[in-house]
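Visitor: Next up is a structure, given as structure tokens.
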Amino acid sequence: MEPLNHLESFVQSAEGGSFSEAARRLGLTPAAVSKNVARLEARLGLRLFQRSTRSLKLTEGGERFLAQIGGALATLREAVAGIDTDDGQPSGTLKVSMGQAFGREHVLPLMGGFLARYPAIVPDWHFDNQQVDLVGEGFDAAIGGGIELPAGLVARELARIHVVAVASPAYMQGRKPPRHPSDLAALDTLMRRSSPTGRVRSWTLRRVRGAGGGEGEGEVSVELPRPRAIFNDPEAIAHAALMGLGVAMLPMPFVERGLRSGELLRLLPDWYQDAGAVWLYYPSKKLLPPKTRVFIDFVLERFREERFAQRMQVA
């Protein structure tokens with residue numbers, strides 16, 4: 001029987017239409033995939049693909065072979081995935097990427113319950129604010145937002161994230177609370193510099209639906225004078241706001257605790273920004289390893305129980 005990686009390389013190349021796509025799915029280099037397919041062809045004595053610089057097309061023999069091994073390979077995948085258990089329990093190292101502050105605040109607290117339920121799984125969690133290549137870097141799953149999901153990944157939405165204006169009680173003492181976004185220009189502002197572009201992000205707020213005496217949702221771009229300080233990290237901005245250095249526009253995951261404790265005040269309660277969604281995403285596979293499947297189900301279950309999505313929105 002041919003090595004499973006040779007068969008996988010052939011099937012993924014046929015389904016993806018190129019060695020490059022197969023390499024991305026399998027976490028290999030295109031050269032490695034091409035070599036695996038060549039070895040399979042040599043062993044079979046059959047050319048499986050017609051190759052050109054622009055395309056990869058199955059030969060008639062390749063089409064027949066693909067049809068013959070499709071079901072058998074699925075059975076083998078299932079058998080291999082079933083090995084990833086310990087006495088019937090999911091086991092193995094679970095490699096997950098997540099944002100630094102978000103992971104520490106909202107995912108790490110789940111670890112105790114997860115380990116109690118699945119003691120044979122070893123979390124290998126990476127806290128990084130950069131998007132990772134799940135397949136190429138060998139991750140089982142990732143949690144993040146503001147990303148473009150490439151083909152071959154499945155994403156489950158955890159919540160849509162709203163951005164709100166906040167300041168510390170100490171900073172606002174003796175100052176008039178803003179009633180309209182334009183009033184923010186009179187206050188010290190803590191701005192964020194975009195890491196990808198280097199630009200300072202502007203503030204555009206929309207009105208909570210139904211607020212403002214029936215004026216509609218509305219949207220206002222705020223013209224701000226020279227900021228009090230500029231940071232490229234939202235967690236640093238949150239700390240600066242807690243220190244009483246000024247007003248900040250921050251995503252709810254960074255300020256929820258401060259708002260609950262009273263260390264931060266919500267300004268302009270009828271206004272917010274929409275920062276998009278935060279996702280739990282993972283490689284698209286018909287049969288996920290048990291350790292990955294139970295992690296996905298556990299996170300979705302706990303976030304749902306804790307009403308995370310509702311807590312991250314103000315509208």
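Residue numbers start at 1 in each chain; chains themselves are named A, B, ... in the order of the structure tokens; ligands are numbered from 1 in the order shown.
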Considering only C-alpha atoms, give me a table of residues in segment 118-203 of chain A that are at most 7 Å from segment 250-254 of chain A, with the closest atom pair and distance in Å for each, as JSON lines.

Guide:
```
{"residue": "A:Ile161", "atom": "CA", "partner": "A:Pro251", "partner_atom": "CA", "distance": 6.5}
{"residue": "A:His162", "atom": "CA", "partner": "A:Pro251", "partner_atom": "CA", "distance": 5.7}
{"residue": "A:Val163", "atom": "CA", "partner": "A:Pro251", "partner_atom": "CA", "distance": 4.0}
{"residue": "A:Val164", "atom": "CA", "partner": "A:Leu250", "partner_atom": "CA", "distance": 5.6}
{"residue": "A:Ala165", "atom": "CA", "partner": "A:Leu250", "partner_atom": "CA", "distance": 6.6}
```

Visitor: Could you pull the residues within 8 Å of Met243 of chain A, counting only C-alpha atoms, minus those fewer than 3 positions along the same chain, as a list in words?

Guide: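 So the residues in contact are Ser168, His239 and Ala240 of chain A.
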
Visitor: Store the residues picked out above, limited to C-alpha atoms, as a PDB file, in the first residue's frame.

Guide:
```
ATOM      1  CA  SER A 168     -11.614  57.303  33.842  1.00  0.00           C
ATOM      2  CA  HIS A 239      -4.166  51.264  30.424  1.00  0.00           C
ATOM      3  CA  ALA A 240      -3.620  54.917  29.504  1.00  0.00           C
TER       4      ALA A 240
END
```

Visitor: Which of these residues is nearest to Ala142 of chain A, using only C-alpha atoms: A:Thr204, A:Gln100, A:Thr59, A:Gln173?

Guide: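 Closest residue, counting only C-alpha atoms: A:Gln100.
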
Visitor: Counting only C-alpha atoms, give me one row per residue of segment 131-200 of chain A with an atom at most 10 Å from an atom of segment 223-237 of chain A, showing the shortest contact pair and its distance in Å to one decimal, sorted by chain then residue number, as a Markdown table.

Guide:
```
| residue | atom | partner | partner_atom | distance |
| --- | --- | --- | --- | --- |
| A:Pro181 | CA | A:Glu223 | CA | 9.2 |
| A:Ser182 | CA | A:Glu223 | CA | 7.1 |
| A:Asp183 | CA | A:Leu224 | CA | 9.6 |
| A:Leu184 | CA | A:Leu224 | CA | 7.4 |
| A:Ala185 | CA | A:Leu224 | CA | 5.0 |
| A:Ala186 | CA | A:Leu224 | CA | 8.4 |
| A:Leu187 | CA | A:Arg228 | CA | 8.9 |
| A:Asp188 | CA | A:Arg228 | CA | 5.3 |
| A:Thr189 | CA | A:Pro227 | CA | 5.1 |
| A:Leu190 | CA | A:Ala229 | CA | 5.1 |
| A:Met191 | CA | A:Ile230 | CA | 4.7 |
| A:Arg192 | CA | A:Phe231 | CA | 5.0 |
| A:Arg193 | CA | A:Asn232 | CA | 4.7 |
| A:Ser194 | CA | A:Asn232 | CA | 6.1 |
| A:Ser195 | CA | A:Asn232 | CA | 6.2 |
| A:Pro196 | CA | A:Asn232 | CA | 9.9 |
| A:Gly198 | CA | A:Asn232 | CA | 8.6 |
| A:Arg199 | CA | A:Asn232 | CA | 9.7 |
| A:Val200 | CA | A:Ile230 | CA | 7.8 |
```

Visitor: Please, what distance in Å, to one decimal, runs between atom CA of Pro30 of chain A and atom CA of Leu7 of chain A?

Guide: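 The value is 14.9 Å.
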
Visitor: Between A:Met172, A:Ala275, A:Leu267, A:Val166, which residue has the minimum interatomic distance to Met249 of chain A, considering only C-alpha atoms?

Guide: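 The closest residue to Met249 of chain A is A:Val166.
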
Visitor: Residues at most 10 Å from Gly146 of chain A, counting only C-alpha atoms, excluding those fewer than 3 positions away in the same chain, as a list in words?

Guide: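 Once the nearby chain positions are removed, what remains is Gln131, Leu149, Ala275, Gly276, Ala277, Val278 and Trp279 of chain A.
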
Visitor: Please produce a file of the residues just selected, as a PDB file, in the first residue's frame, where the atoms kept are N, CA, C and O atoms.

Guide:
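In the end it all went to again_25.pdb:
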```
ATOM      1  N   GLN A 131      -2.063  37.561  12.314  1.00  0.00           N
ATOM      2  CA  GLN A 131      -2.768  36.421  11.739  1.00  0.00           C
ATOM      3  C   GLN A 131      -1.756  35.336  11.376  1.00  0.00           C
ATOM      4  O   GLN A 131      -0.660  35.620  10.887  1.00  0.00           O
ATOM      5  N   LEU A 149     -10.360  35.600   5.742  1.00  0.00           N
ATOM      6  CA  LEU A 149     -10.199  34.156   5.836  1.00  0.00           C
ATOM      7  C   LEU A 149      -9.926  33.573   4.453  1.00  0.00           C
ATOM      8  O   LEU A 149     -10.740  33.723   3.548  1.00  0.00           O
ATOM      9  N   ALA A 275     -16.698  47.283  14.957  1.00  0.00           N
ATOM     10  CA  ALA A 275     -15.354  46.812  14.596  1.00  0.00           C
ATOM     11  C   ALA A 275     -15.378  45.484  13.858  1.00  0.00           C
ATOM     12  O   ALA A 275     -14.328  44.880  13.630  1.00  0.00           O
ATOM     13  N   GLY A 276     -16.559  44.995  13.493  1.00  0.00           N
ATOM     14  CA  GLY A 276     -16.631  43.708  12.826  1.00  0.00           C
ATOM     15  C   GLY A 276     -16.719  42.570  13.824  1.00  0.00           C
ATOM     16  O   GLY A 276     -17.016  42.771  15.003  1.00  0.00           O
ATOM     17  N   ALA A 277     -16.445  41.369  13.365  1.00  0.00           N
ATOM     18  CA  ALA A 277     -16.644  40.184  14.193  1.00  0.00           C
ATOM     19  C   ALA A 277     -15.319  39.601  14.659  1.00  0.00           C
ATOM     20  O   ALA A 277     -14.271  39.827  14.057  1.00  0.00           O
ATOM     21  N   VAL A 278     -15.388  38.861  15.756  1.00  0.00           N
ATOM     22  CA  VAL A 278     -14.283  38.020  16.185  1.00  0.00           C
ATOM     23  C   VAL A 278     -14.694  36.578  15.905  1.00  0.00           C
ATOM     24  O   VAL A 278     -15.840  36.186  16.169  1.00  0.00           O
ATOM     25  N   TRP A 279     -13.773  35.799  15.331  1.00  0.00           N
ATOM     26  CA  TRP A 279     -14.100  34.474  14.822  1.00  0.00           C
ATOM     27  C   TRP A 279     -13.272  33.393  15.511  1.00  0.00           C
ATOM     28  O   TRP A 279     -12.131  33.625  15.927  1.00  0.00           O
TER      29      TRP A 279
END
```

Visitor: Which residue gives the smallest distance to Ala120 of chain A among A:Leu46, A:Val294, A:Pro90, A:Glu157, with only C-alpha atoms counted?

Guide: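 Checking each candidate against Ala120 of chain A, we get A:Pro90 as the closest.
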
Visitor: Between atom CA of Leu300 of chain A and atom CA of Trp271 of chain A, what distance in Å does the model show, to one decimal?

Guide: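 Between these atoms lies a distance of 28.6 Å.
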
Visitor: What's the separation between atom CA of Ala241 of chain A and atom CA of Ala167 of chain A, in Å to one decimal place?

Guide: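 These two atoms are separated by 5.5 Å.
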
Visitor: Set the distance at 12 Å and use only C-alpha atoms: which residues neighbour Arg64 of chain A once local chain neighbours fewer than 4 positions away are removed? I'd like the list as a VMD selection string.

Guide: chain A and resid 14 46 to 49 58 to 60 68 to 70

Visitor: Write out as a short mmCIF file (atom, residue, chain, number, x, y, z; two decimals) with N, CA, C and O atoms, in the first residue's frame which residues come within 7 Å of His126 of chain A when counting only C-alpha atoms, dropping same-chain ones fewer than 3 positions away.

Guide:
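Output (part-v3.cif):
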```
data_model
loop_
_atom_site.label_atom_id
_atom_site.label_comp_id
_atom_site.auth_asym_id
_atom_site.auth_seq_id
_atom_site.Cartn_x
_atom_site.Cartn_y
_atom_site.Cartn_z
N VAL A 96 -3.25 26.36 19.31
CA VAL A 96 -4.25 27.38 19.01
C VAL A 96 -3.59 28.76 19.07
O VAL A 96 -2.80 29.04 19.98
N SER A 97 -3.91 29.62 18.12
CA SER A 97 -3.45 31.01 18.11
C SER A 97 -4.59 31.93 18.50
O SER A 97 -5.74 31.71 18.12
N MET A 98 -4.25 32.98 19.26
CA MET A 98 -5.27 33.96 19.66
C MET A 98 -4.59 35.29 19.97
O MET A 98 -3.39 35.33 20.26
#
```

Visitor: Return as a ChimeraX atom specification the full set of residues in segment 133-289 of chain A whose backbone-based DSSP assignment is alpha helix (DSSP H).

Guide: /A:169-172,234-242,252-261

Visitor: Mind dumping the selected residues with N, CA and C atoms as a PDB file, in the first residue's frame?

Guide:
```pdb
ATOM      1  N   PRO A 169     -13.024  58.019  35.732  1.00  0.00           N
ATOM      2  CA  PRO A 169     -13.726  59.026  36.541  1.00  0.00           C
ATOM      3  C   PRO A 169     -12.802  60.176  36.935  1.00  0.00           C
ATOM      4  N   ALA A 170     -11.514  59.873  37.207  1.00  0.00           N
ATOM      5  CA  ALA A 170     -10.585  60.922  37.600  1.00  0.00           C
ATOM      6  C   ALA A 170     -10.394  61.935  36.476  1.00  0.00           C
ATOM      7  N   TYR A 171     -10.307  61.439  35.239  1.00  0.00           N
ATOM      8  CA  TYR A 171     -10.140  62.369  34.120  1.00  0.00           C
ATOM      9  C   TYR A 171     -11.386  63.222  33.921  1.00  0.00           C
ATOM     10  N   MET A 172     -12.544  62.644  34.051  1.00  0.00           N
ATOM     11  CA  MET A 172     -13.783  63.372  33.781  1.00  0.00           C
ATOM     12  C   MET A 172     -14.190  64.284  34.932  1.00  0.00           C
ATOM     13  N   PRO A 234      -4.141  48.470  21.389  1.00  0.00           N
ATOM     14  CA  PRO A 234      -5.350  48.834  22.135  1.00  0.00           C
ATOM     15  C   PRO A 234      -5.243  48.556  23.621  1.00  0.00           C
ATOM     16  N   GLU A 235      -4.481  47.534  24.013  1.00  0.00           N
ATOM     17  CA  GLU A 235      -4.337  47.258  25.444  1.00  0.00           C
ATOM     18  C   GLU A 235      -3.587  48.396  26.131  1.00  0.00           C
ATOM     19  N   ALA A 236      -2.580  48.948  25.469  1.00  0.00           N
ATOM     20  CA  ALA A 236      -1.859  50.090  26.027  1.00  0.00           C
ATOM     21  C   ALA A 236      -2.774  51.306  26.134  1.00  0.00           C
ATOM     22  N   ILE A 237      -3.629  51.501  25.134  1.00  0.00           N
ATOM     23  CA  ILE A 237      -4.579  52.614  25.189  1.00  0.00           C
ATOM     24  C   ILE A 237      -5.525  52.440  26.375  1.00  0.00           C
ATOM     25  N   ALA A 238      -5.977  51.212  26.619  1.00  0.00           N
ATOM     26  CA  ALA A 238      -6.865  50.954  27.743  1.00  0.00           C
ATOM     27  C   ALA A 238      -6.180  51.298  29.066  1.00  0.00           C
ATOM     28  N   HIS A 239      -4.901  50.935  29.206  1.00  0.00           N
ATOM     29  CA  HIS A 239      -4.166  51.264  30.424  1.00  0.00           C
ATOM     30  C   HIS A 239      -4.009  52.777  30.568  1.00  0.00           C
ATOM     31  N   ALA A 240      -3.753  53.463  29.455  1.00  0.00           N
ATOM     32  CA  ALA A 240      -3.620  54.917  29.504  1.00  0.00           C
ATOM     33  C   ALA A 240      -4.926  55.569  29.932  1.00  0.00           C
ATOM     34  N   ALA A 241      -6.045  55.049  29.444  1.00  0.00           N
ATOM     35  CA  ALA A 241      -7.348  55.584  29.860  1.00  0.00           C
ATOM     36  C   ALA A 241      -7.573  55.347  31.351  1.00  0.00           C
ATOM     37  N   LEU A 242      -7.212  54.158  31.836  1.00  0.00           N
ATOM     38  CA  LEU A 242      -7.343  53.867  33.269  1.00  0.00           C
ATOM     39  C   LEU A 242      -6.476  54.803  34.113  1.00  0.00           C
ATOM     40  N   MET A 252     -15.044  46.668  23.030  1.00  0.00           N
ATOM     41  CA  MET A 252     -15.608  46.214  24.292  1.00  0.00           C
ATOM     42  C   MET A 252     -14.769  45.152  24.999  1.00  0.00           C
ATOM     43  N   PRO A 253     -14.112  44.200  24.286  1.00  0.00           N
ATOM     44  CA  PRO A 253     -13.312  43.219  25.020  1.00  0.00           C
ATOM     45  C   PRO A 253     -12.216  43.832  25.878  1.00  0.00           C
ATOM     46  N   PHE A 254     -11.755  45.043  25.524  1.00  0.00           N
ATOM     47  CA  PHE A 254     -10.679  45.682  26.269  1.00  0.00           C
ATOM     48  C   PHE A 254     -11.179  46.529  27.440  1.00  0.00           C
ATOM     49  N   VAL A 255     -12.446  46.878  27.450  1.00  0.00           N
ATOM     50  CA  VAL A 255     -12.929  47.815  28.474  1.00  0.00           C
ATOM     51  C   VAL A 255     -14.068  47.253  29.315  1.00  0.00           C
ATOM     52  N   GLU A 256     -14.565  46.069  28.981  1.00  0.00           N
ATOM     53  CA  GLU A 256     -15.728  45.544  29.694  1.00  0.00           C
ATOM     54  C   GLU A 256     -15.476  45.454  31.193  1.00  0.00           C
ATOM     55  N   ARG A 257     -14.322  44.919  31.578  1.00  0.00           N
ATOM     56  CA  ARG A 257     -14.028  44.775  33.007  1.00  0.00           C
ATOM     57  C   ARG A 257     -13.969  46.140  33.692  1.00  0.00           C
ATOM     58  N   GLY A 258     -13.310  47.119  33.058  1.00  0.00           N
ATOM     59  CA  GLY A 258     -13.218  48.456  33.640  1.00  0.00           C
ATOM     60  C   GLY A 258     -14.564  49.134  33.783  1.00  0.00           C
ATOM     61  N   LEU A 259     -15.447  48.907  32.813  1.00  0.00           N
ATOM     62  CA  LEU A 259     -16.785  49.490  32.898  1.00  0.00           C
ATOM     63  C   LEU A 259     -17.591  48.851  34.024  1.00  0.00           C
ATOM     64  N   ARG A 260     -17.447  47.533  34.196  1.00  0.00           N
ATOM     65  CA  ARG A 260     -18.171  46.843  35.273  1.00  0.00           C
ATOM     66  C   ARG A 260     -17.677  47.293  36.656  1.00  0.00           C
ATOM     67  N   SER A 261     -16.365  47.492  36.780  1.00  0.00           N
ATOM     68  CA  SER A 261     -15.801  47.846  38.087  1.00  0.00           C
ATOM     69  C   SER A 261     -15.945  49.318  38.414  1.00  0.00           C
TER      70      SER A 261
END
```

Visitor: Which residues are close to Glu15 of chain A, i.e. within 12 Å by only C-alpha atoms, leaving aside same-chain residues fewer than 3 positions away? Reply as a ChimeraX atom specification.

Guide: /A:8-12,18-23,25,56-58,62-63,66-67,70,152

Visitor: Kindly export the residues of the current selection with N, CA and C atoms, as a PDB file, in the first residue's frame.

Guide:
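Ended up saving to result07.pdb:
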```pdb
ATOM      1  N   GLU A   8      -2.532  11.338  -0.057  1.00  0.00           N
ATOM      2  CA  GLU A   8      -3.107  12.633   0.324  1.00  0.00           C
ATOM      3  C   GLU A   8      -2.641  13.729  -0.626  1.00  0.00           C
ATOM      4  N   SER A   9      -1.369  13.706  -0.976  1.00  0.00           N
ATOM      5  CA  SER A   9      -0.845  14.719  -1.893  1.00  0.00           C
ATOM      6  C   SER A   9      -1.548  14.636  -3.244  1.00  0.00           C
ATOM      7  N   PHE A  10      -1.770  13.413  -3.720  1.00  0.00           N
ATOM      8  CA  PHE A  10      -2.474  13.242  -4.991  1.00  0.00           C
ATOM      9  C   PHE A  10      -3.904  13.754  -4.911  1.00  0.00           C
ATOM     10  N   VAL A  11      -4.645  13.340  -3.894  1.00  0.00           N
ATOM     11  CA  VAL A  11      -6.050  13.719  -3.783  1.00  0.00           C
ATOM     12  C   VAL A  11      -6.195  15.231  -3.609  1.00  0.00           C
ATOM     13  N   GLN A  12      -5.388  15.833  -2.730  1.00  0.00           N
ATOM     14  CA  GLN A  12      -5.505  17.275  -2.497  1.00  0.00           C
ATOM     15  C   GLN A  12      -5.097  18.063  -3.737  1.00  0.00           C
ATOM     16  N   SER A  18      -3.929  22.317  -8.027  1.00  0.00           N
ATOM     17  CA  SER A  18      -2.523  22.703  -8.123  1.00  0.00           C
ATOM     18  C   SER A  18      -1.752  22.108  -6.962  1.00  0.00           C
ATOM     19  N   PHE A  19      -0.440  21.974  -7.162  1.00  0.00           N
ATOM     20  CA  PHE A  19       0.417  21.517  -6.070  1.00  0.00           C
ATOM     21  C   PHE A  19       0.491  22.574  -4.971  1.00  0.00           C
ATOM     22  N   SER A  20       0.418  23.846  -5.362  1.00  0.00           N
ATOM     23  CA  SER A  20       0.498  24.918  -4.368  1.00  0.00           C
ATOM     24  C   SER A  20      -0.692  24.873  -3.414  1.00  0.00           C
ATOM     25  N   GLU A  21      -1.889  24.672  -3.965  1.00  0.00           N
ATOM     26  CA  GLU A  21      -3.084  24.595  -3.119  1.00  0.00           C
ATOM     27  C   GLU A  21      -3.032  23.357  -2.232  1.00  0.00           C
ATOM     28  N   ALA A  22      -2.586  22.244  -2.783  1.00  0.00           N
ATOM     29  CA  ALA A  22      -2.444  21.027  -1.974  1.00  0.00           C
ATOM     30  C   ALA A  22      -1.436  21.245  -0.855  1.00  0.00           C
ATOM     31  N   ALA A  23      -0.347  21.942  -1.155  1.00  0.00           N
ATOM     32  CA  ALA A  23       0.670  22.212  -0.139  1.00  0.00           C
ATOM     33  C   ALA A  23       0.096  23.060   0.990  1.00  0.00           C
ATOM     34  N   ARG A  25      -3.017  23.202   1.986  1.00  0.00           N
ATOM     35  CA  ARG A  25      -3.942  22.388   2.765  1.00  0.00           C
ATOM     36  C   ARG A  25      -3.220  21.394   3.670  1.00  0.00           C
ATOM     37  N   LEU A  56      -2.886  22.080 -13.835  1.00  0.00           N
ATOM     38  CA  LEU A  56      -2.662  20.699 -13.437  1.00  0.00           C
ATOM     39  C   LEU A  56      -3.967  19.959 -13.705  1.00  0.00           C
ATOM     40  N   LYS A  57      -3.923  19.007 -14.638  1.00  0.00           N
ATOM     41  CA  LYS A  57      -5.151  18.341 -15.064  1.00  0.00           C
ATOM     42  C   LYS A  57      -4.992  16.832 -14.955  1.00  0.00           C
ATOM     43  N   LEU A  58      -6.006  16.190 -14.411  1.00  0.00           N
ATOM     44  CA  LEU A  58      -5.977  14.738 -14.285  1.00  0.00           C
ATOM     45  C   LEU A  58      -5.991  14.070 -15.657  1.00  0.00           C
ATOM     46  N   GLY A  62      -5.642   9.028 -14.083  1.00  0.00           N
ATOM     47  CA  GLY A  62      -5.715   9.734 -12.806  1.00  0.00           C
ATOM     48  C   GLY A  62      -7.140   9.861 -12.312  1.00  0.00           C
ATOM     49  N   GLU A  63      -8.081  10.123 -13.238  1.00  0.00           N
ATOM     50  CA  GLU A  63      -9.488  10.226 -12.851  1.00  0.00           C
ATOM     51  C   GLU A  63     -10.012   8.891 -12.326  1.00  0.00           C
ATOM     52  N   LEU A  66      -8.487   8.257  -8.858  1.00  0.00           N
ATOM     53  CA  LEU A  66      -9.115   9.109  -7.843  1.00  0.00           C
ATOM     54  C   LEU A  66     -10.463   8.545  -7.423  1.00  0.00           C
ATOM     55  N   ALA A  67     -11.249   8.076  -8.402  1.00  0.00           N
ATOM     56  CA  ALA A  67     -12.553   7.499  -8.078  1.00  0.00           C
ATOM     57  C   ALA A  67     -12.414   6.222  -7.261  1.00  0.00           C
ATOM     58  N   GLY A  70     -11.051   7.173  -3.446  1.00  0.00           N
ATOM     59  CA  GLY A  70     -11.716   8.212  -2.657  1.00  0.00           C
ATOM     60  C   GLY A  70     -12.319   7.692  -1.364  1.00  0.00           C
ATOM     61  N   GLY A 152     -10.490  27.348   2.283  1.00  0.00           N
ATOM     62  CA  GLY A 152     -10.079  26.155   3.010  1.00  0.00           C
ATOM     63  C   GLY A 152     -10.217  26.258   4.502  1.00  0.00           C
TER      64      GLY A 152
END
```

Visitor: From the options A:Glu301, A:Asp140, A:Asp270, A:Asp133, which residue's atoms come nearest to Arg207 of chain A, counting only C-alpha atoms?

Guide: A:Asp270

Visitor: Return as a PyMOL selection string the full set of residues in segment 135-206 of chain A whose backbone-based DSSP assignment is strand (DSSP E).

Guide: chain A and resi 141-145+153-167+189-192+203-206

Visitor: Using only C-alpha atoms, which of the listed residues (A:Val132, A:Gly138, A:Leu288, A:Gly145) sits closest to Phe102 of chain A?

Guide: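 Using only C-alpha atoms, the shortest distance to Phe102 of chain A belongs to A:Gly145.
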
Visitor: Give the answer as one residue: which of A:Ile143, A:Arg104, A:Trp203, A:Gly99 has the shortest atom-to-atom distance to Asn129 of chain A, using only C-alpha atoms?

Guide: A:Gly99
